[in-house]
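**Student:** Below is the structure I would like to discuss, written out as structure tokens.
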Amino acid sequence: MVVLPRKATEAEEPTFLRLNIGGSVYLILIDALLRAEPNGFLAKFVQLNHAARLKVADAYFTDDDSYFFQRSPHTFDCVFQYYATGVIHRPPEICPAAFLSELEFWRIPLTNVGSCCAEIVPKERPPEKEDERVDDTTFDNLMFGKLRRRMWTFLERPGSSMQAKAFELSSTLFVAISVMGLSFGTIPDFQVIQYLPPHNESIVLPNGTVTIMEKVEEMKVEHTAFVITERICIAFFTVEYCLRMFAAPRKLRFALKPLNLVDLMAIVPFYLELLLTLFGVDDKKLRDWRWAFLVKDEDGTPFTSIPAAYWWCM
């Protein structure tokens, strides 16, 4: 049997704090509040005088001397158990965000969340290095600082606006289209025959006579639709990379980031192939090099296309 102390007089220190949380009454030992979390909301609340408490609480009921707070009693059950056990647990039916909001209101540190409920605790991100931090002041002393700050926010922070989010989605869409176009372009059924310029070839007949014949070679190449799609995607990636490079406050650090190196490697081969063509390298040789890199197309091998290689790997 629990014997409750009589109502404290003005000359006595009260032993319990009576709270009314959303219509449910809780009786908590004041000593437990102070021991569990000295900086908690309720620990600070009990140290106030009655007049100050009235300003903090949502209401006060004189009939049972309880302070009313318009909060969820179901969630406060967890808080009540915390002051009894020192560990707080989240019931499965309570939304994690709502639970964390209650902990923030009652100022209960997340370190007191039980290990079984630790998955709801946000992971702390490692602090950024001073030379890697980018904020509004980073662009103050840079050329075209205001323009570059707006561009950086638009390109690197998709959550900053709906337009930035739409641009990020369009960039992802272009990546998907580029990968699919590259893969489908290696499928023989989607390729077309291209005839190379005729050339003379010497042939030795069985009787020893040497004759010169004109020979026309043919080769399978990507369909024009895939070529145009690739060029459109490369143009988009090039513009995007150049804009991001222009907006970057620290260009060398930007260029050396792994993801940016991948972006650069995705567009450089196209321009390298174009440059070699301008210097007179045979288009057939370029295609042979490219196909040798993408897919080893030999008789008897299962790697007749990139999708075939995917299927073989699975």
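Please note that chains go A, B, ... in the order of the structure tokens, that every chain numbers its residues from 1, and that ligands are numbered from 1 in the order shown.
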Give me, as a list in words, the residues of range 102-244 of chain A that a backbone DSSP run labels strand (DSSP E or B).
**Tutor:** Val113, Gln191, Val192, Ile193, Gln194, Tyr195, His199, Asn200, Glu201, Ser202, Ile203, Val204, Val210, Thr211, Ile212, Met213, Glu214, Lys215, Glu218, Met219, Lys220, Val221 and Glu222 of chain A
**Student:** Any chance you can output those residues with N, CA and C atoms as a short mmCIF file (atom, residue, chain, number, x, y, z; two decimals), in the first residue's frame?
**Tutor:**
```
data_model
loop_
_atom_site.label_atom_id
_atom_site.label_comp_id
_atom_site.auth_asym_id
_atom_site.auth_seq_id
_atom_site.Cartn_x
_atom_site.Cartn_y
_atom_site.Cartn_z
N VAL A 113 17.60 7.28 -24.56
CA VAL A 113 16.73 6.37 -25.30
C VAL A 113 17.30 4.96 -25.21
N GLN A 191 20.87 -2.38 -84.23
CA GLN A 191 21.95 -1.75 -84.98
C GLN A 191 21.63 -1.72 -86.48
N VAL A 192 22.34 -0.87 -87.17
CA VAL A 192 22.17 -0.75 -88.62
C VAL A 192 23.52 -1.01 -89.29
N ILE A 193 23.46 -1.38 -90.56
CA ILE A 193 24.69 -1.67 -91.32
C ILE A 193 25.20 -0.39 -91.96
N GLN A 194 26.47 -0.15 -91.76
CA GLN A 194 27.12 1.01 -92.38
C GLN A 194 28.23 0.50 -93.31
N TYR A 195 28.20 0.99 -94.55
CA TYR A 195 29.20 0.58 -95.53
C TYR A 195 30.36 1.56 -95.50
N HIS A 199 37.83 0.20 -101.00
CA HIS A 199 39.29 0.25 -101.12
C HIS A 199 39.75 -0.93 -101.96
N ASN A 200 40.91 -0.78 -102.58
CA ASN A 200 41.47 -1.83 -103.44
C ASN A 200 42.22 -2.85 -102.60
N GLU A 201 42.07 -4.11 -102.98
CA GLU A 201 42.73 -5.20 -102.26
C GLU A 201 43.33 -6.17 -103.27
N SER A 202 44.57 -6.53 -103.06
CA SER A 202 45.27 -7.46 -103.96
C SER A 202 44.93 -8.89 -103.59
N ILE A 203 44.59 -9.70 -104.60
CA ILE A 203 44.23 -11.09 -104.38
C ILE A 203 45.08 -11.96 -105.31
N VAL A 204 45.68 -13.00 -104.77
CA VAL A 204 46.49 -13.93 -105.55
C VAL A 204 45.62 -15.10 -105.96
N VAL A 210 48.15 -12.15 -109.87
CA VAL A 210 47.75 -11.16 -108.86
C VAL A 210 46.76 -10.20 -109.49
N THR A 211 45.62 -10.08 -108.88
CA THR A 211 44.60 -9.17 -109.38
C THR A 211 44.18 -8.21 -108.28
N ILE A 212 43.76 -7.07 -108.68
CA ILE A 212 43.32 -6.04 -107.73
C ILE A 212 41.81 -5.91 -107.84
N MET A 213 41.16 -6.05 -106.68
CA MET A 213 39.70 -5.96 -106.65
C MET A 213 39.27 -4.86 -105.68
N GLU A 214 38.19 -4.24 -106.03
CA GLU A 214 37.62 -3.22 -105.15
C GLU A 214 36.75 -3.91 -104.10
N LYS A 215 37.01 -3.60 -102.86
CA LYS A 215 36.30 -4.27 -101.76
C LYS A 215 35.57 -3.23 -100.92
N GLU A 218 31.56 -3.72 -94.59
CA GLU A 218 30.40 -3.24 -93.85
C GLU A 218 30.58 -3.54 -92.37
N MET A 219 29.94 -2.74 -91.55
CA MET A 219 30.03 -2.93 -90.10
C MET A 219 28.71 -2.50 -89.47
N LYS A 220 28.41 -3.14 -88.37
CA LYS A 220 27.19 -2.78 -87.64
C LYS A 220 27.50 -1.66 -86.65
N VAL A 221 26.66 -0.65 -86.67
CA VAL A 221 26.85 0.50 -85.79
C VAL A 221 25.53 0.81 -85.10
N GLU A 222 25.60 1.69 -84.10
CA GLU A 222 24.39 2.09 -83.38
C GLU A 222 23.41 2.78 -84.32
#
```
**Student:** Residues near Asp64 in chain A, anyone? I mean within 12 Å using only C-alpha atoms, not counting same-chain ones fewer than 3 positions away, as a list of chain:residue names.
**Tutor:** A:Lys7, A:Leu17, A:Arg18, A:Leu19, A:Asn20, A:Val25, A:Tyr26, A:Leu27, A:Tyr60, A:Phe61, A:Tyr67, A:Phe68
**Student:** Grab the CA of Leu243 in chain A to CA of Trp152 in chain A distance for me, in Å with one decimal place.
**Tutor:**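 Answer for the CA of Leu243 in chain A to CA of Trp152 in chain A separation: 8.8 Å.
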**Student:** Name the closest residue to Thr153 in chain A among the candidates A:Leu272, A:Ala248, A:Leu103, A:Leu182; distances are taken between atoms, counting only C-alpha atoms.
**Tutor:**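 With only C-alpha atoms as the atom set, the closest residue is A:Ala248.
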**Student:** I'd like to know which of A:Gly280, A:Phe167, A:Val227, A:Pro249 is closest to Phe139 in chain A, using only C-alpha atoms.
**Tutor:** A:Pro249
**Student:** May I ask which of the residues A:Ile94, A:Leu48, A:Ile30, A:Ile232 is the closest one to Phe174 in chain A, counting only C-alpha atoms?
**Tutor:**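 Nearest candidate to Phe174 in chain A out of A:Ile94, A:Leu48, A:Ile30, A:Ile232: A:Ile232.
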**Student:** Can you work out which one of A:Ile120, A:Leu173, A:Val56, A:Cys78 has the shortest atom-to-atom distance to Leu42 in chain A, counting only C-alpha atoms?
**Tutor:**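 Nearest to Leu42 in chain A: A:Val56.
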**Student:** Kindly indicate which residue among A:Ala247, A:Ala255, A:Ala235, A:Ala43 lies nearest to Ile267 in chain A, using only C-alpha atoms for the distances.
**Tutor:**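 Of all the options, A:Ala235 lies closest to Ile267 in chain A.
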**Student:** Point out the residue among A:Val239, A:Val87, A:Leu155, A:Ala98 with the least atom-to-atom distance to Leu264 in chain A, counting only C-alpha atoms.
**Tutor:**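 Of the candidates, the smallest distance to Leu264 in chain A is held by A:Val239.
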**Student:** Mind listing the alpha helix (DSSP H) residues of range 89-293 of chain A, per DSSP on the backbone, as a PyMOL selection string?
**Tutor:** chain A and resi 96-106+145-156+162-184+224-247+251-256+258-278+283-293
**Student:** If I take CA of Ile177 in chain A and CA of Arg148 in chain A, how far is one from the other in Å, to one decimal?
**Tutor:**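 About the pair CA of Ile177 in chain A and CA of Arg148 in chain A: they are 28.9 Å apart.
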**Student:** At what distance in Å, to one decimal, does CA of Pro91 in chain A lie from CA of Ser66 in chain A?
**Tutor:** 26.1 Å
